[in-house]
Each structure stands twice: as structure tokens, then as C-alpha cells.
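Listing of structure_21.cif, mmCIF, C-alpha atoms
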```cif
data_target
loop_
_atom_site.group_PDB
_atom_site.id
_atom_site.type_symbol
_atom_site.label_atom_id
_atom_site.label_comp_id
_atom_site.auth_asym_id
_atom_site.auth_seq_id
_atom_site.Cartn_x
_atom_site.Cartn_y
_atom_site.Cartn_z
ATOM 1 C CA MET M 1 6.911 -7.791 12.080
ATOM 2 C CA ASP M 2 3.523 -6.109 12.362
ATOM 3 C CA SER M 3 2.551 -3.405 9.904
ATOM 4 C CA ILE M 4 0.687 -0.235 10.757
ATOM 5 C CA PHE M 5 -2.381 -1.768 9.073
ATOM 6 C CA SER M 6 -2.347 -5.006 11.056
ATOM 7 C CA ASN M 7 -1.848 -3.018 14.268
ATOM 8 C CA GLY M 8 -4.820 -0.843 13.311
ATOM 9 C CA GLU M 9 -6.966 -3.933 12.730
ATOM 10 C CA LYS M 10 -5.995 -5.247 16.178
ATOM 11 C CA MET M 11 -7.061 -1.947 17.728
ATOM 12 C CA LEU M 12 -10.423 -2.098 15.926
ATOM 13 C CA ARG M 13 -11.052 -5.642 17.150
ATOM 14 C CA GLY M 14 -10.135 -4.635 20.692
ATOM 15 C CA ALA M 15 -12.587 -1.728 20.572
ATOM 16 C CA PHE M 16 -15.459 -4.181 20.626
ATOM 17 C CA ASP M 17 -14.378 -5.288 24.096
ATOM 18 C CA TYR M 18 -14.681 -1.735 25.443
ATOM 19 C CA ALA M 19 -17.065 0.237 23.250
ATOM 20 C CA SER M 20 -19.742 -2.174 22.072
ATOM 21 C CA ARG M 21 -23.401 -2.391 22.987
ATOM 22 C CA ARG M 22 -25.618 -5.449 22.524
ATOM 23 C CA ILE M 23 -28.159 -5.589 19.693
ATOM 24 C CA ASP M 24 -30.532 -8.073 18.057
ATOM 25 C CA TYR M 25 -30.793 -8.154 14.269
ATOM 26 C CA ARG M 26 -34.144 -9.168 12.748
ATOM 27 C CA ARG M 27 -35.533 -9.794 9.300
ATOM 28 C CA GLY M 28 -39.298 -9.935 9.411
ATOM 29 C CA ILE M 29 -40.301 -11.914 12.497
ATOM 30 C CA LYS M 30 -37.083 -13.942 12.555
ATOM 31 C CA THR M 31 -34.102 -12.909 14.713
ATOM 32 C CA LEU M 32 -31.014 -13.595 12.595
ATOM 33 C CA ALA M 33 -28.408 -12.546 15.170
ATOM 34 C CA ALA M 34 -29.136 -12.194 18.880
ATOM 35 C CA ASN M 35 -27.176 -10.282 21.495
ATOM 36 C CA ILE M 36 -24.280 -9.404 19.203
ATOM 37 C CA PRO M 37 -21.819 -6.577 19.915
ATOM 38 C CA ALA M 38 -22.082 -3.366 17.913
ATOM 39 C CA LYS M 39 -20.383 -0.013 18.173
ATOM 40 C CA LEU M 40 -22.606 3.044 17.762
ATOM 41 C CA GLY M 41 -22.017 5.751 15.208
ATOM 42 C CA LYS M 42 -23.860 8.151 12.936
ATOM 43 C CA THR M 43 -23.870 9.205 9.317
ATOM 44 C CA VAL M 44 -25.026 12.553 7.985
ATOM 45 C CA PHE M 45 -26.595 12.337 4.533
ATOM 46 C CA ARG M 46 -26.847 15.442 2.358
ATOM 47 C CA TYR M 47 -28.598 15.612 -0.989
ATOM 48 C CA THR M 48 -30.649 17.926 -3.179
ATOM 49 C CA THR M 49 -34.172 17.065 -4.300
ATOM 50 C CA PRO M 50 -35.165 17.377 -7.976
ATOM 51 C CA HIS M 51 -36.859 20.656 -6.983
ATOM 52 C CA GLY M 52 -33.596 22.119 -5.668
ATOM 53 C CA MET M 53 -34.291 21.724 -1.952
ATOM 54 C CA ALA M 54 -31.229 20.808 0.136
ATOM 55 C CA ILE M 55 -31.892 17.963 2.556
ATOM 56 C CA ARG M 56 -29.735 16.984 5.536
ATOM 57 C CA THR M 57 -30.617 13.918 7.574
ATOM 58 C CA GLU M 58 -28.762 12.068 10.299
ATOM 59 C CA GLN M 59 -29.016 8.361 10.978
ATOM 60 C CA ARG M 60 -27.807 6.031 13.720
ATOM 61 C CA ASP M 61 -25.153 3.569 12.595
ATOM 62 C CA PHE M 62 -24.477 0.171 14.085
ATOM 63 C CA ILE M 63 -20.966 -1.074 13.367
ATOM 64 C CA CYS M 64 -20.856 -4.871 13.589
ATOM 65 C CA ARG M 65 -18.358 -7.572 12.873
ATOM 66 C CA PHE M 66 -19.495 -9.353 9.723
ATOM 67 C CA GLU M 67 -18.775 -12.731 11.327
ATOM 68 C CA ASP M 68 -21.240 -11.887 14.138
ATOM 69 C CA ILE M 69 -24.111 -10.807 11.900
ATOM 70 C CA GLY M 70 -23.464 -13.384 9.161
ATOM 71 C CA ILE M 71 -25.565 -11.727 6.421
ATOM 72 C CA LYS M 72 -25.624 -8.614 4.295
ATOM 73 C CA PRO M 73 -28.223 -6.199 5.687
ATOM 74 C CA ALA M 74 -31.313 -5.315 3.673
ATOM 75 C CA THR M 75 -33.571 -2.271 3.741
ATOM 76 C CA GLY M 76 -36.465 -2.925 6.108
ATOM 77 C CA ASP M 77 -34.550 -5.207 8.471
ATOM 78 C CA GLU M 78 -34.734 -4.221 12.135
ATOM 79 C CA ILE M 79 -32.212 -3.701 14.898
ATOM 80 C CA VAL M 80 -33.378 -3.831 18.499
ATOM 81 C CA TYR M 81 -31.202 -1.732 20.794
ATOM 82 C CA GLY M 82 -31.981 -0.394 24.261
ATOM 83 C CA GLY M 83 -35.624 -1.421 24.011
ATOM 84 C CA GLU M 84 -36.106 0.574 20.796
ATOM 85 C CA ILE M 85 -36.506 -0.579 17.203
ATOM 86 C CA PHE M 86 -34.346 0.855 14.437
ATOM 87 C CA VAL M 87 -35.281 0.208 10.796
ATOM 88 C CA VAL M 88 -32.382 -0.424 8.412
ATOM 89 C CA CYS M 89 -32.566 2.182 5.633
ATOM 90 C CA ALA M 90 -30.814 5.092 3.945
ATOM 91 C CA PRO M 91 -32.219 8.139 2.138
ATOM 92 C CA ASN M 92 -32.067 9.007 -1.548
ATOM 93 C CA ASN M 93 -31.450 5.440 -2.776
ATOM 94 C CA GLU M 94 -28.141 5.215 -0.913
ATOM 95 C CA PRO M 95 -27.082 1.715 0.199
ATOM 96 C CA CYS M 96 -28.281 0.850 3.712
ATOM 97 C CA TRP M 97 -24.852 -0.470 4.714
ATOM 98 C CA LYS M 98 -21.195 -0.326 3.716
ATOM 99 C CA TRP M 99 -17.943 -1.970 4.680
ATOM 100 C CA HIS M 100 -16.463 -0.218 7.686
ATOM 101 C CA THR M 101 -13.109 -1.944 7.211
ATOM 102 C CA ARG M 102 -12.671 -1.962 3.450
ATOM 103 C CA ALA M 103 -9.446 -3.934 3.216
ATOM 104 C CA THR M 104 -10.382 -6.891 5.404
ATOM 105 C CA ARG M 105 -14.182 -6.649 5.173
ATOM 106 C CA ALA M 106 -14.343 -7.632 8.825
ATOM 107 C CA GLU M 107 -16.794 -4.912 9.942
ATOM 108 C CA ILE M 108 -19.899 -3.392 8.419
ATOM 109 C CA ARG M 109 -21.634 -0.074 9.104
ATOM 110 C CA ILE M 110 -25.420 -0.378 9.036
ATOM 111 C CA HIS M 111 -27.513 2.792 8.634
ATOM 112 C CA ALA M 112 -30.826 2.835 10.535
ATOM 113 C CA LYS M 113 -33.615 5.172 11.638
ATOM 114 C CA ASN M 114 -35.241 4.990 15.057
ATOM 115 C CA ALA M 115 -38.785 3.756 14.398
ATOM 116 C CA SER M 116 -39.745 4.228 18.043
ATOM 117 C CA ALA M 117 -39.164 7.992 17.892
ATOM 118 C CA GLU M 118 -41.412 8.797 14.940
#
```

Would you encode the structure as C-alpha cells?
Amino acid sequence: MDSIFSNGEKMLRGAFDYASRRIDYRRGIKTLAANIPAKLGKTVFRYTTPHGMAIRTEQRDFICRFEDIGIKPATGDEIVYGGEIFVVCAPNNEPCWKWHTRATRAEIRIHAKNASAE
């Protein structure tokens, strides 16, 4: 008998068939994962500077299956999506990625900034 959690995991896996876009993942000049599926998302970061200024910043997220990417992301890596380059990073010393599916660790959420837009 399937549990609510296993059914939820099946739905998440199926979402890649319908909602994913294709990306390339690079570290330096080397492409580590080419043409892999990723769902798009965003994260809003809020923090206060040491001088008391409130900062709000929004970043593009790429949600990938860990088996597709095969490595843990690092700050400074690049994601190529739609002809644009996104740099893997997060503000205020936050981690640049986290587990999207905590229990199974099947998917990761990678935070990135569009380098083409700045």
C-alpha cells in the first residue's frame, strides 16, 4: 500500500516530464551536466546589514534531480538556460543550494543570479 509520502514523491518525479526546462551545468570551462531537466523557481532572501539596512533580493532557482546533476553545487558554478548564464550564489553567506526533497534527497534547489542581466 502506498503512503501519502510515496505518492507525493511520485508526483514530484512526474512533474519533470511536464514542467522541466533544459539546462547545462558548468564548473569553470567544463560542462559537468549537459541538457538536464530542471524546474524553475525563485527564492526571496531577506536580511539586515550590520548598519541596520533591510535588504530583500530575489534569485532564480533551478530544481534538479540529484542523480542528473551528480555533484553538489558550488558558489561560482554556472547554469546556462535559454541562452543566458546564471551564476550559482546566495547572499549574506547563505548556502547556494539546499535539498528540495529533504527525506529522499532526490532533488536539489540551486540558487542563482542572472549574470547576463547585470

- Computed interatomic separation between atom CA of M:Met53 and atom CA of M:Ala112 (Å): 22.9 Å

- Message: When you count only C-alpha atoms, which of these residues is closest to M:Asp77: M:Ile55, M:Ile36, M:Ile29, M:Leu12?
- Response: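 Of M:Ile55, M:Ile36, M:Ile29, M:Leu12, the one nearest M:Asp77, counting only C-alpha atoms, is M:Ile29.
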
- Task: Tell me, as a PyMOL selection string, which residues lie within 8 Å of stretch 87-91 of chain M, counting only C-alpha atoms; anything in the same chain fewer than 6 positions away does not count.
- Result: chain M and resi 45+59+73-79+110-115

- Item | Reference answer for the PyMOL selection byres ((chain M and resi 68) around 8), as a ChimeraX atom specification | /M:33,36-37,64-67,69-70

- Residue neighbourhood M:Leu32, 9 Å, all atoms listed in the file, exclusion window fewer than 4 positions, as a list in words: Asp24, Tyr25, Arg26, Arg27, Ile69, Gly70 and Ile71 of chain M

- Task: Provide the atom CA of M:Ile85 to atom CA of M:Val44 distance in Å, to one decimal place.
- Result: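 Atom-to-atom, atom CA of M:Ile85 and atom CA of M:Val44 are spaced 19.7 Å apart.
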
- Item | Coordinates-based distance that separates atom CA of M:His100 from atom CA of M:Glu58 (Å, one decimal) | 17.6 Å

Got a sec to resolve the PyMOL selection byres ((chain M and resi 16-22) around 10) on this structure and send the residues as a compact mmCIF listing (two decimals) with C-alpha atoms, in the coordinates of the input?
```
# COMPACT_ATOMS: atom_id res chain seq x y z
CA MET M 11 -7.06 -1.95 17.73
CA LEU M 12 -10.42 -2.10 15.93
CA ARG M 13 -11.05 -5.64 17.15
CA GLY M 14 -10.14 -4.64 20.69
CA ALA M 15 -12.59 -1.73 20.57
CA ILE M 23 -28.16 -5.59 19.69
CA ASP M 24 -30.53 -8.07 18.06
CA ALA M 34 -29.14 -12.19 18.88
CA ASN M 35 -27.18 -10.28 21.50
CA ILE M 36 -24.28 -9.40 19.20
CA PRO M 37 -21.82 -6.58 19.92
CA ALA M 38 -22.08 -3.37 17.91
CA LYS M 39 -20.38 -0.01 18.17
CA LEU M 40 -22.61 3.04 17.76
CA PHE M 62 -24.48 0.17 14.08
CA ILE M 63 -20.97 -1.07 13.37
CA CYS M 64 -20.86 -4.87 13.59
CA ARG M 65 -18.36 -7.57 12.87
CA VAL M 80 -33.38 -3.83 18.50
CA TYR M 81 -31.20 -1.73 20.79
CA GLY M 82 -31.98 -0.39 24.26
```

- Task: Find, counting only C-alpha atoms, the residue in M:Gly83, M:Lys98, M:Lys30, M:Ala103 that gets nearest to M:Thr43.
- Result: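 Distance minimum relative to M:Thr43 lands on M:Lys98.
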
- Message: Let me make sure I understand: among M:Lys72, M:Gly28, M:Arg60, M:Pro50, which one has the smallest atom-to-atom distance to M:Glu107 if we use only C-alpha atoms?
- Response: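 Between M:Lys72, M:Gly28, M:Arg60, M:Pro50, the residue approaching M:Glu107 most closely is M:Lys72.
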